[in-house]
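Heads up, target-v4.pdb below (PDB, C-alpha atoms):
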```
ATOM      1  CA  MET A   1     214.056  47.387  24.848  1.00  0.00           C
ATOM      2  CA  ILE A   2     215.364  44.264  23.089  1.00  0.00           C
ATOM      3  CA  ALA A   3     211.952  42.610  23.360  1.00  0.00           C
ATOM      4  CA  ALA A   4     210.261  45.662  21.862  1.00  0.00           C
ATOM      5  CA  ALA A   5     212.735  45.741  18.985  1.00  0.00           C
ATOM      6  CA  PHE A   6     212.195  42.048  18.379  1.00  0.00           C
ATOM      7  CA  LEU A   7     208.425  42.504  18.299  1.00  0.00           C
ATOM      8  CA  LEU A   8     208.787  45.433  15.904  1.00  0.00           C
ATOM      9  CA  VAL A   9     210.958  43.400  13.527  1.00  0.00           C
ATOM     10  CA  ALA A  10     208.530  40.483  13.718  1.00  0.00           C
ATOM     11  CA  ALA A  11     205.569  42.763  13.001  1.00  0.00           C
ATOM     12  CA  LEU A  12     207.334  44.380  10.034  1.00  0.00           C
ATOM     13  CA  SER A  13     208.347  40.973   8.679  1.00  0.00           C
ATOM     14  CA  ALA A  14     204.795  39.690   8.975  1.00  0.00           C
ATOM     15  CA  ALA A  15     203.425  42.796   7.267  1.00  0.00           C
ATOM     16  CA  HIS A  16     205.970  42.448   4.460  1.00  0.00           C
ATOM     17  CA  TYR A  17     204.982  38.806   3.943  1.00  0.00           C
ATOM     18  CA  VAL A  18     201.262  39.590   3.845  1.00  0.00           C
ATOM     19  CA  PHE A  19     201.331  42.723   1.711  1.00  0.00           C
ATOM     20  CA  ASN A  20     204.349  42.140  -0.551  1.00  0.00           C
ATOM     21  CA  ILE A  21     205.322  38.474  -0.764  1.00  0.00           C
ATOM     22  CA  ILE A  22     201.899  36.795  -0.791  1.00  0.00           C
ATOM     23  CA  PRO A  23     200.505  38.815  -3.756  1.00  0.00           C
ATOM     24  CA  ILE A  24     203.628  38.047  -5.825  1.00  0.00           C
ATOM     25  CA  VAL A  25     203.650  34.355  -4.958  1.00  0.00           C
ATOM     26  CA  ARG A  26     199.891  34.135  -5.548  1.00  0.00           C
ATOM     27  CA  ARG A  27     200.235  35.498  -9.097  1.00  0.00           C
ATOM     28  CA  VAL A  28     202.990  33.018  -9.941  1.00  0.00           C
ATOM     29  CA  ALA A  29     201.106  30.156  -8.266  1.00  0.00           C
ATOM     30  CA  GLU A  30     197.938  30.933 -10.208  1.00  0.00           C
ATOM     31  CA  GLU A  31     199.823  30.954 -13.503  1.00  0.00           C
ATOM     32  CA  GLU A  32     201.554  27.638 -12.821  1.00  0.00           C
ATOM     33  CA  THR A  33     198.365  26.013 -11.507  1.00  0.00           C
ATOM     34  CA  ARG A  34     196.415  27.148 -14.566  1.00  0.00           C
ATOM     35  CA  LYS A  35     199.047  25.481 -16.748  1.00  0.00           C
ATOM     36  CA  VAL A  36     198.496  22.230 -14.851  1.00  0.00           C
ATOM     37  CA  ALA A  37     194.718  22.460 -15.272  1.00  0.00           C
ATOM     38  CA  THR A  38     194.874  23.274 -18.984  1.00  0.00           C
ATOM     39  CA  SER A  39     197.473  20.591 -19.679  1.00  0.00           C
ATOM     40  CA  SER A  40     195.490  17.957 -17.768  1.00  0.00           C
ATOM     41  CA  VAL A  41     192.340  18.598 -19.787  1.00  0.00           C
ATOM     42  CA  GLY A  42     194.234  18.842 -23.073  1.00  0.00           C
ATOM     43  CA  ARG A  43     195.926  15.481 -22.592  1.00  0.00           C
ATOM     44  CA  ALA A  44     192.614  13.865 -21.663  1.00  0.00           C
ATOM     45  CA  ALA A  45     191.024  15.255 -24.820  1.00  0.00           C
ATOM     46  CA  ALA A  46     193.861  13.981 -26.994  1.00  0.00           C
ATOM     47  CA  GLU A  47     193.479  10.518 -25.484  1.00  0.00           C
ATOM     48  CA  THR A  48     189.689  10.200 -25.690  1.00  0.00           C
ATOM     49  CA  VAL A  49     188.046  12.683 -28.048  1.00  0.00           C
ATOM     50  CA  THR A  50     190.159  13.252 -31.161  1.00  0.00           C
ATOM     51  CA  ASP A  51     188.549  11.309 -34.037  1.00  0.00           C
ATOM     52  CA  ALA A  52     186.957   8.950 -31.517  1.00  0.00           C
ATOM     53  CA  TYR A  53     183.510   8.941 -33.104  1.00  0.00           C
ATOM     54  CA  SER A  54     181.955  10.163 -36.313  1.00  0.00           C
ATOM     55  CA  TYR A  55     178.811  12.286 -36.380  1.00  0.00           C
ATOM     56  CA  ASN A  56     176.739   9.270 -37.453  1.00  0.00           C
ATOM     57  CA  ASP A  57     178.067   7.301 -34.487  1.00  0.00           C
ATOM     58  CA  LEU A  58     176.674   9.857 -32.055  1.00  0.00           C
ATOM     59  CA  ILE A  59     173.584  11.196 -33.829  1.00  0.00           C
ATOM     60  CA  GLN A  60     170.800   9.247 -35.532  1.00  0.00           C
ATOM     61  CA  ILE A  61     168.870  11.196 -38.184  1.00  0.00           C
ATOM     62  CA  THR A  62     165.242  10.287 -38.881  1.00  0.00           C
ATOM     63  CA  LEU A  63     163.609  11.613 -42.051  1.00  0.00           C
ATOM     64  CA  ASP A  64     159.929  12.103 -42.761  1.00  0.00           C
ATOM     65  CA  ALA A  65     158.050  10.890 -45.851  1.00  0.00           C
ATOM     66  CA  ASP A  66     159.226  13.937 -47.825  1.00  0.00           C
ATOM     67  CA  GLY A  67     162.890  13.402 -46.992  1.00  0.00           C
ATOM     68  CA  ASN A  68     163.053  16.263 -44.481  1.00  0.00           C
ATOM     69  CA  ILE A  69     164.723  15.874 -41.101  1.00  0.00           C
ATOM     70  CA  ALA A  70     162.071  14.890 -38.583  1.00  0.00           C
ATOM     71  CA  LEU A  71     164.218  13.918 -35.599  1.00  0.00           C
ATOM     72  CA  LEU A  72     167.812  14.042 -34.420  1.00  0.00           C
ATOM     73  CA  GLN A  73     168.422  11.572 -31.623  1.00  0.00           C
ATOM     74  CA  ALA A  74     171.662  11.305 -29.710  1.00  0.00           C
ATOM     75  CA  ASN A  75     173.265   7.969 -28.977  1.00  0.00           C
ATOM     76  CA  SER A  76     173.165   8.446 -25.215  1.00  0.00           C
ATOM     77  CA  THR A  77     175.246   5.357 -24.490  1.00  0.00           C
ATOM     78  CA  LEU A  78     178.242   6.394 -26.606  1.00  0.00           C
ATOM     79  CA  ILE A  79     178.052  10.032 -25.514  1.00  0.00           C
ATOM     80  CA  HIS A  80     177.934   9.037 -21.859  1.00  0.00           C
ATOM     81  CA  VAL A  81     180.995   6.821 -22.332  1.00  0.00           C
ATOM     82  CA  LEU A  82     182.854   9.650 -24.070  1.00  0.00           C
ATOM     83  CA  VAL A  83     181.957  12.211 -21.405  1.00  0.00           C
ATOM     84  CA  ARG A  84     182.760   9.980 -18.455  1.00  0.00           C
ATOM     85  CA  THR A  85     186.037   8.729 -19.954  1.00  0.00           C
ATOM     86  CA  THR A  86     187.224  12.244 -20.765  1.00  0.00           C
ATOM     87  CA  ALA A  87     186.254  13.559 -17.334  1.00  0.00           C
ATOM     88  CA  ALA A  88     187.872  10.610 -15.550  1.00  0.00           C
ATOM     89  CA  ARG A  89     191.157  10.988 -17.438  1.00  0.00           C
ATOM     90  CA  ALA A  90     191.231  14.732 -16.889  1.00  0.00           C
ATOM     91  CA  GLN A  91     190.580  14.137 -13.187  1.00  0.00           C
ATOM     92  CA  ALA A  92     193.331  11.533 -13.040  1.00  0.00           C
ATOM     93  CA  ASN A  93     195.746  13.921 -14.761  1.00  0.00           C
ATOM     94  CA  VAL A  94     194.977  16.671 -12.252  1.00  0.00           C
ATOM     95  CA  SER A  95     195.163  14.342  -9.246  1.00  0.00           C
ATOM     96  CA  GLY A  96     198.397  12.803 -10.528  1.00  0.00           C
ATOM     97  CA  ALA A  97     200.073  16.118 -11.263  1.00  0.00           C
ATOM     98  CA  GLU A  98     203.458  16.527  -9.655  1.00  0.00           C
ATOM     99  CA  VAL A  99     204.166  19.124  -7.026  1.00  0.00           C
ATOM    100  CA  ILE A 100     204.224  22.596  -8.569  1.00  0.00           C
ATOM    101  CA  ASN A 101     207.520  24.417  -8.153  1.00  0.00           C
ATOM    102  CA  ILE A 102     206.910  28.140  -7.772  1.00  0.00           C
ATOM    103  CA  ARG A 103     210.104  30.073  -8.364  1.00  0.00           C
ATOM    104  CA  VAL A 104     210.325  33.781  -7.600  1.00  0.00           C
ATOM    105  CA  PRO A 105     213.578  35.810  -7.705  1.00  0.00           C
ATOM    106  CA  LEU A 106     214.743  36.953  -4.302  1.00  0.00           C
ATOM    107  CA  GLY A 107     214.841  40.565  -5.465  1.00  0.00           C
ATOM    108  CA  THR A 108     211.196  40.397  -6.513  1.00  0.00           C
ATOM    109  CA  LEU A 109     210.215  39.116  -3.079  1.00  0.00           C
ATOM    110  CA  SER A 110     211.874  42.147  -1.510  1.00  0.00           C
ATOM    111  CA  GLY A 111     209.062  44.293  -2.814  1.00  0.00           C
ATOM    112  CA  LEU A 112     211.545  46.858  -4.131  1.00  0.00           C
ATOM    113  CA  THR A 113     210.909  47.790  -7.737  1.00  0.00           C
ATOM    114  CA  PHE A 114     214.554  48.263  -8.670  1.00  0.00           C
ATOM    115  CA  LEU A 115     215.357  44.720  -7.460  1.00  0.00           C
ATOM    116  CA  ALA A 116     212.532  43.014  -9.375  1.00  0.00           C
ATOM    117  CA  GLY A 117     213.838  39.959 -11.221  1.00  0.00           C
ATOM    118  CA  ALA A 118     217.238  40.105  -9.543  1.00  0.00           C
ATOM    119  CA  GLY A 119     218.908  37.536  -7.340  1.00  0.00           C
ATOM    120  CA  PRO A 120     218.632  33.759  -7.071  1.00  0.00           C
ATOM    121  CA  PRO A 121     215.172  32.185  -7.238  1.00  0.00           C
ATOM    122  CA  VAL A 122     213.322  31.185  -4.103  1.00  0.00           C
ATOM    123  CA  THR A 123     211.372  27.960  -4.676  1.00  0.00           C
ATOM    124  CA  LEU A 124     208.077  27.146  -2.995  1.00  0.00           C
ATOM    125  CA  ARG A 125     206.303  23.831  -3.547  1.00  0.00           C
ATOM    126  CA  ALA A 126     202.557  23.350  -3.828  1.00  0.00           C
ATOM    127  CA  LYS A 127     200.504  20.212  -4.463  1.00  0.00           C
ATOM    128  CA  PRO A 128     197.505  20.834  -6.752  1.00  0.00           C
ATOM    129  CA  ILE A 129     194.146  19.346  -5.766  1.00  0.00           C
ATOM    130  CA  GLY A 130     191.399  19.528  -8.345  1.00  0.00           C
ATOM    131  CA  ILE A 131     187.826  18.748  -9.294  1.00  0.00           C
ATOM    132  CA  VAL A 132     186.798  18.254 -12.914  1.00  0.00           C
ATOM    133  CA  SER A 133     183.301  18.763 -14.309  1.00  0.00           C
ATOM    134  CA  THR A 134     182.252  18.018 -17.883  1.00  0.00           C
ATOM    135  CA  GLU A 135     179.278  19.213 -19.879  1.00  0.00           C
ATOM    136  CA  VAL A 136     178.351  18.025 -23.361  1.00  0.00           C
ATOM    137  CA  LEU A 137     176.829  20.725 -25.550  1.00  0.00           C
ATOM    138  CA  SER A 138     175.050  20.842 -28.895  1.00  0.00           C
ATOM    139  CA  GLU A 139     175.102  23.899 -31.158  1.00  0.00           C
ATOM    140  CA  PHE A 140     173.214  24.665 -34.359  1.00  0.00           C
ATOM    141  CA  THR A 141     174.376  27.489 -36.634  1.00  0.00           C
ATOM    142  CA  SER A 142     173.438  28.526 -40.148  1.00  0.00           C
ATOM    143  CA  ALA A 143     175.831  27.226 -42.804  1.00  0.00           C
ATOM    144  CA  GLY A 144     174.138  28.686 -45.858  1.00  0.00           C
ATOM    145  CA  ILE A 145     170.822  28.465 -47.653  1.00  0.00           C
ATOM    146  CA  ASN A 146     168.827  25.571 -46.227  1.00  0.00           C
ATOM    147  CA  GLN A 147     171.939  24.241 -44.489  1.00  0.00           C
ATOM    148  CA  THR A 148     172.673  23.957 -40.756  1.00  0.00           C
ATOM    149  CA  LEU A 149     175.964  23.175 -39.094  1.00  0.00           C
ATOM    150  CA  HIS A 150     175.468  20.927 -36.074  1.00  0.00           C
ATOM    151  CA  ARG A 151     178.403  20.807 -33.681  1.00  0.00           C
ATOM    152  CA  ILE A 152     178.851  18.672 -30.575  1.00  0.00           C
ATOM    153  CA  PHE A 153     181.548  19.593 -28.106  1.00  0.00           C
ATOM    154  CA  LEU A 154     182.556  19.091 -24.501  1.00  0.00           C
ATOM    155  CA  ARG A 155     183.021  21.899 -22.040  1.00  0.00           C
ATOM    156  CA  VAL A 156     185.474  20.697 -19.413  1.00  0.00           C
ATOM    157  CA  ARG A 157     186.124  22.811 -16.340  1.00  0.00           C
ATOM    158  CA  ALA A 158     188.956  22.099 -13.935  1.00  0.00           C
ATOM    159  CA  ASP A 159     188.890  23.809 -10.542  1.00  0.00           C
ATOM    160  CA  VAL A 160     192.338  23.349  -9.031  1.00  0.00           C
ATOM    161  CA  THR A 161     193.334  24.397  -5.520  1.00  0.00           C
ATOM    162  CA  TYR A 162     196.931  25.012  -4.494  1.00  0.00           C
ATOM    163  CA  ILE A 163     198.188  25.178  -0.913  1.00  0.00           C
ATOM    164  CA  LEU A 164     201.166  27.299   0.141  1.00  0.00           C
ATOM    165  CA  PRO A 165     202.461  28.412   3.539  1.00  0.00           C
ATOM    166  CA  GLY A 166     199.994  30.889   4.968  1.00  0.00           C
ATOM    167  CA  PHE A 167     197.375  30.802   2.228  1.00  0.00           C
ATOM    168  CA  THR A 168     195.570  28.798  -0.421  1.00  0.00           C
ATOM    169  CA  GLY A 169     194.139  29.712  -3.798  1.00  0.00           C
ATOM    170  CA  ARG A 170     191.936  28.274  -6.524  1.00  0.00           C
ATOM    171  CA  VAL A 171     192.223  28.505 -10.273  1.00  0.00           C
ATOM    172  CA  SER A 172     189.476  27.641 -12.749  1.00  0.00           C
ATOM    173  CA  SER A 173     190.217  26.662 -16.333  1.00  0.00           C
ATOM    174  CA  THR A 174     187.512  25.947 -18.926  1.00  0.00           C
ATOM    175  CA  THR A 175     188.302  24.174 -22.200  1.00  0.00           C
ATOM    176  CA  HIS A 176     185.951  23.633 -25.132  1.00  0.00           C
ATOM    177  CA  ILE A 177     186.742  20.387 -26.952  1.00  0.00           C
ATOM    178  CA  PRO A 178     185.201  19.760 -30.394  1.00  0.00           C
ATOM    179  CA  VAL A 179     183.838  16.214 -30.696  1.00  0.00           C
ATOM    180  CA  THR A 180     182.191  16.059 -34.109  1.00  0.00           C
ATOM    181  CA  GLU A 181     180.178  18.147 -36.537  1.00  0.00           C
ATOM    182  CA  SER A 182     178.118  17.798 -39.702  1.00  0.00           C
ATOM    183  CA  VAL A 183     176.309  20.033 -42.174  1.00  0.00           C
ATOM    184  CA  LEU A 184     172.626  19.111 -42.272  1.00  0.00           C
ATOM    185  CA  VAL A 185     170.803  19.833 -45.513  1.00  0.00           C
ATOM    186  CA  GLY A 186     167.159  20.796 -45.168  1.00  0.00           C
ATOM    187  CA  LYS A 187     165.095  22.284 -42.390  1.00  0.00           C
ATOM    188  CA  VAL A 188     166.031  21.208 -38.865  1.00  0.00           C
ATOM    189  CA  PRO A 189     163.041  21.398 -36.466  1.00  0.00           C
ATOM    190  CA  ASP A 190     164.163  23.249 -33.347  1.00  0.00           C
ATOM    191  CA  PHE A 191     162.185  21.046 -30.986  1.00  0.00           C
ATOM    192  CA  TYR A 192     162.990  17.633 -32.457  1.00  0.00           C
ATOM    193  CA  PHE A 193     166.404  17.079 -30.939  1.00  0.00           C
ATOM    194  CA  SER A 194     166.312  14.369 -28.315  1.00  0.00           C
ATOM    195  CA  SER A 195     168.871  13.614 -25.611  1.00  0.00           C
ATOM    196  CA  ALA A 196     168.932  13.616 -21.828  1.00  0.00           C
ATOM    197  CA  LEU A 197     172.690  14.171 -21.714  1.00  0.00           C
ATOM    198  CA  PHE A 198     173.108  17.537 -23.404  1.00  0.00           C
ATOM    199  CA  ASP A 199     173.554  20.554 -21.159  1.00  0.00           C
ATOM    200  CA  LYS A 200     174.006  18.299 -18.134  1.00  0.00           C
ATOM    201  CA  THR A 201     177.134  18.488 -16.003  1.00  0.00           C
ATOM    202  CA  LEU A 202     179.078  15.472 -14.828  1.00  0.00           C
ATOM    203  CA  ASN A 203     181.198  16.170 -11.750  1.00  0.00           C
ATOM    204  CA  LEU A 204     184.087  14.022 -10.608  1.00  0.00           C
ATOM    205  CA  THR A 205     185.764  14.503  -7.256  1.00  0.00           C
ATOM    206  CA  PRO A 206     189.058  12.926  -6.227  1.00  0.00           C
TER
END
```

Written as structure tokens, that's how I'd like the structure from this file.
Amino acid sequence: MIAAAFLLVAALSAAHYVFNIIPIVRRVAEEETRKVATSSVGRAAAETVTDAYSYNDLIQITLDADGNIALLQANSTLIHVLVRTTAARAQANVSGAEVINIRVPLGTLSGLTFLAGAGPPVTLRAKPIGIVSTEVLSEFTSAGINQTLHRIFLRVRADVTYILPGFTGRVSSTTHIPVTESVLVGKVPDFYFSSALFDKTLNLTP
């Protein structure tokens, strides 16, 4: 009889953990992990991208005999340095992130609606593990009559995994970081933009 009661309590406790506690903890863990990912990329951008290079540093404009734009050629060396440095710092920020403290009120963990938010917090600790990938993109948009706005930006994606007792989860955070832009006057030939780096993804793993 005692053994049966013990097994019943254990089964109910396990069911409560799986169906009530895990979903609550997962939501909080995802929110905190996403903050880590976003912050890691943001700090890397502030350290490497902001006002790092002018448009003329990264893009060489070649004109034809009539003064029209004949070719836009990217400075692959500088762009590669910028991309790799940003990705490496973002990766280092993610890898060096401190243990995430996930705090959930005891009443919320009970699964009872009327106790949500009540009681002292229960703290769980998770170590984030992440992979950062970076893609450099080029965008042309109309800026008026015979004018084209050319923007270069980085798309940095951080995929961060957190590990907690009984389960793991992954959060993805994508940040678009403006690098430089310029208004080009005159016709810009669609097929005369040269670079092997644009629209290519650079992955870094810890």

* Take the PyMOL selection byres ((chain A and resi 129) around 9), apply it to the structure above, and return the hits as a count of residues only. => 13

* Give me, please, the distance in Å between CA of Ala90 (chain A) and CA of Ile102 (chain A), quoted to one decimal. =>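 Value for the CA of Ala90 (chain A)-CA of Ile102 (chain A) distance: 22.6 Å.
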
* Length of the CA of Val136 (chain A) to CA of Thr62 (chain A) vector [Å] ->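 Straight-line distance from CA of Val136 (chain A) to CA of Thr62 (chain A) works out to 21.7 Å.
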
* Name every residue that the PyMOL selection byres ((chain A and resi 32-41) around 10) selects in this structure, writing the answer as number ranges by chain with chains first and numbers rising. => A: 26-31, 42-47, 86-87, 89-98, 100-103, 126-132, 156-162, 169-177

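CA of Ile152 (chain A) to CA of Leu63 (chain A) spans 20.3 Å [interatomic distance, one decimal].
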
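Candidate residues A:Lys187, A:Arg125, A:His150, A:Arg155 were compared for distance to Val83 (chain A), and the nearest is A:Arg155, using only C-alpha atoms.
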
* Give the answer as one residue: which of A:Gly186, A:Val122, A:Asn56, A:Phe167 has the shortest atom-to-atom distance to Asn75 (chain A), using all atoms listed in the file? =>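 Looking at the shortest contact to Asn75 (chain A), the residue is A:Asn56.
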